[in-house]
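A quick write-up on the structure given underneath.
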Amino acid sequence: MTGGGAIARTRNRAAAVLAVALALQAGAAGAAQAQAGPAASAPAVAPAAAIRITEGQVGEVGPGGTLTYPAVTSCLTVTVRLASGGLVGAHASLFQVPGEYRSDRILAAVARRVGTRAVRAVEVRGAVGAWHPGYFTRAIESYPDGAQVPVPSRPDPDGLARAVADGLGQPRGKVTVQDLPDGDQTVK
C-alpha cells in the first residue's frame, strides 16, 4: 500500500465524518429529508415543505415548499420548477463529497427524480465562472493523473444552460443561468 493511498483513505474518512457532523448540526429532521443521495431515485410520496440540499445532494419539496442550498461559493444549484408547483433541486459541487453525487451524475439523478412530470422551468444559479459545461458530463475527479482537465477561460452561461438542458432532457429555452456565488440560496 502506498502512502498516497493511505492519505486518500484517511481524507475520505475525515470528509465523511465531517458530512455526518454537518448533517447532525443542521438538525435531524432537515438532515433526514435532505439525505436523498445516490441511493434515492424516486420522488418521495409526500415531499417535505422545506429542505436543505448540501453539496452533491438532490431533494424535492411540494407546492409552496422551500429549498435552501447552503454555502454556494464554487458550486452550482439546479432547481427544476414542476408544472404542479413543486421543486426538485440539486447542489452540484466542483469536487465530489464522499457518498454524494459527482457533477457528472447529478443531472441524471435530478431527471430520475422528475420522472415524467411536466417541467415549467429550470434555474441554474451559482459560481458560473468556475464551471466548465463539460463538468456535467465528466467530473474533475474522473480525469487520470496528468490529464488535462478543462478549465473555464471565461463564464459560459449559455454552455452551462445547454449542458443542463441536455442532461435533463429539457428544451434549452426552459433553462436560465444566473451568476450568484454568494452564500446560501433560498428558492420558493
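So you can find residues: chains in the C-alpha cells are A, B, ... in the order shown, residues in each start at 1, and ligands are numbered from 1 in order.
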
I want to know what sits within 12 Å of stretch 169-177 of chain A, based on only C-alpha atoms, with residues of the same chain fewer than 6 positions away left out; could you give that as a PDB file with C-alpha atoms, in the first residue's frame?
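Output file selection-v3.pdb follows:
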```pdb
ATOM      1  CA  LEU A  76     -23.967  25.462  -8.982  1.00  0.00           C
ATOM      2  CA  THR A  77     -27.550  24.811  -7.960  1.00  0.00           C
ATOM      3  CA  VAL A  78     -30.119  23.390 -10.355  1.00  0.00           C
ATOM      4  CA  THR A  79     -33.777  23.948  -9.472  1.00  0.00           C
ATOM      5  CA  VAL A  80     -36.487  22.323 -11.573  1.00  0.00           C
ATOM      6  CA  ARG A  81     -39.859  24.043 -11.262  1.00  0.00           C
ATOM      7  CA  LEU A  82     -42.519  21.428 -11.856  1.00  0.00           C
ATOM      8  CA  LEU A 107     -28.289  15.730 -13.584  1.00  0.00           C
ATOM      9  CA  ALA A 108     -29.253  12.102 -14.209  1.00  0.00           C
ATOM     10  CA  VAL A 110     -32.488  15.016 -10.999  1.00  0.00           C
ATOM     11  CA  ALA A 111     -34.001  13.625 -14.197  1.00  0.00           C
ATOM     12  CA  ARG A 112     -34.895  10.369 -12.404  1.00  0.00           C
ATOM     13  CA  VAL A 114     -38.524  14.474 -12.006  1.00  0.00           C
ATOM     14  CA  GLY A 115     -39.566  11.380 -13.950  1.00  0.00           C
ATOM     15  CA  THR A 116     -42.375  12.039 -16.418  1.00  0.00           C
ATOM     16  CA  ARG A 117     -43.761  15.071 -14.596  1.00  0.00           C
ATOM     17  CA  ALA A 118     -44.136  18.284 -16.605  1.00  0.00           C
ATOM     18  CA  VAL A 119     -41.386  20.885 -16.133  1.00  0.00           C
ATOM     19  CA  ARG A 120     -42.211  24.593 -16.167  1.00  0.00           C
ATOM     20  CA  ALA A 121     -38.640  25.949 -15.870  1.00  0.00           C
ATOM     21  CA  VAL A 122     -35.089  25.114 -14.807  1.00  0.00           C
ATOM     22  CA  GLU A 123     -32.968  27.637 -12.899  1.00  0.00           C
ATOM     23  CA  VAL A 124     -29.193  27.304 -12.624  1.00  0.00           C
ATOM     24  CA  ARG A 125     -27.511  29.592 -10.082  1.00  0.00           C
ATOM     25  CA  GLY A 126     -24.083  29.845  -8.524  1.00  0.00           C
ATOM     26  CA  ALA A 127     -20.438  30.275  -9.455  1.00  0.00           C
ATOM     27  CA  VAL A 128     -20.944  30.369 -13.220  1.00  0.00           C
ATOM     28  CA  GLY A 129     -17.355  31.461 -13.914  1.00  0.00           C
ATOM     29  CA  TRP A 131     -17.778  25.880 -14.113  1.00  0.00           C
ATOM     30  CA  PRO A 133     -20.041  22.950 -19.133  1.00  0.00           C
ATOM     31  CA  PRO A 155     -18.020  32.466 -17.755  1.00  0.00           C
ATOM     32  CA  ASP A 156     -20.117  30.400 -20.182  1.00  0.00           C
ATOM     33  CA  PRO A 157     -23.764  30.709 -19.089  1.00  0.00           C
ATOM     34  CA  ASP A 158     -25.063  29.584 -22.495  1.00  0.00           C
ATOM     35  CA  GLY A 159     -22.843  26.490 -22.468  1.00  0.00           C
ATOM     36  CA  LEU A 160     -23.990  25.653 -18.932  1.00  0.00           C
ATOM     37  CA  ALA A 161     -27.641  26.114 -19.953  1.00  0.00           C
ATOM     38  CA  ARG A 162     -27.148  23.753 -22.905  1.00  0.00           C
ATOM     39  CA  ALA A 163     -25.386  21.153 -20.727  1.00  0.00           C
TER      40      ALA A 163
END
```

Which residues are near A:Glu141? Cut-off 12 Å, only C-alpha atoms, ignore same chain within fewer than 5 positions. Put them as a compact mmCIF listing (two decimals) with C-alpha atoms, in the first residue's frame.
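Resulting contents of around04.txt:
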```txt
# COMPACT_ATOMS: atom_id res chain seq x y z
CA SER A 93 -20.16 20.58 -6.43
CA LEU A 94 -16.92 21.02 -8.37
CA PHE A 95 -15.42 18.18 -6.31
CA GLN A 96 -17.35 15.15 -5.08
CA VAL A 97 -18.37 14.99 -1.46
CA PRO A 98 -17.88 11.37 -0.30
CA TYR A 101 -23.31 12.64 -6.39
CA ARG A 102 -20.41 13.72 -8.61
CA SER A 103 -21.03 16.60 -11.01
CA ASP A 104 -21.29 14.19 -13.96
CA ARG A 105 -24.02 12.13 -12.26
CA TYR A 135 -18.12 19.11 -15.77
CA PHE A 136 -21.71 17.87 -16.11
CA GLY A 146 -1.54 14.15 -15.54
CA ALA A 147 -4.57 14.50 -17.84
CA GLN A 148 -5.62 17.95 -18.98
CA VAL A 149 -8.77 18.97 -17.06
CA PRO A 150 -10.76 21.68 -18.87
```

Subject >> atom CA of A:Asp166 to atom CA of A:Ala49, distance in Å rounded to a single decimal >> reply: 28.6 Å
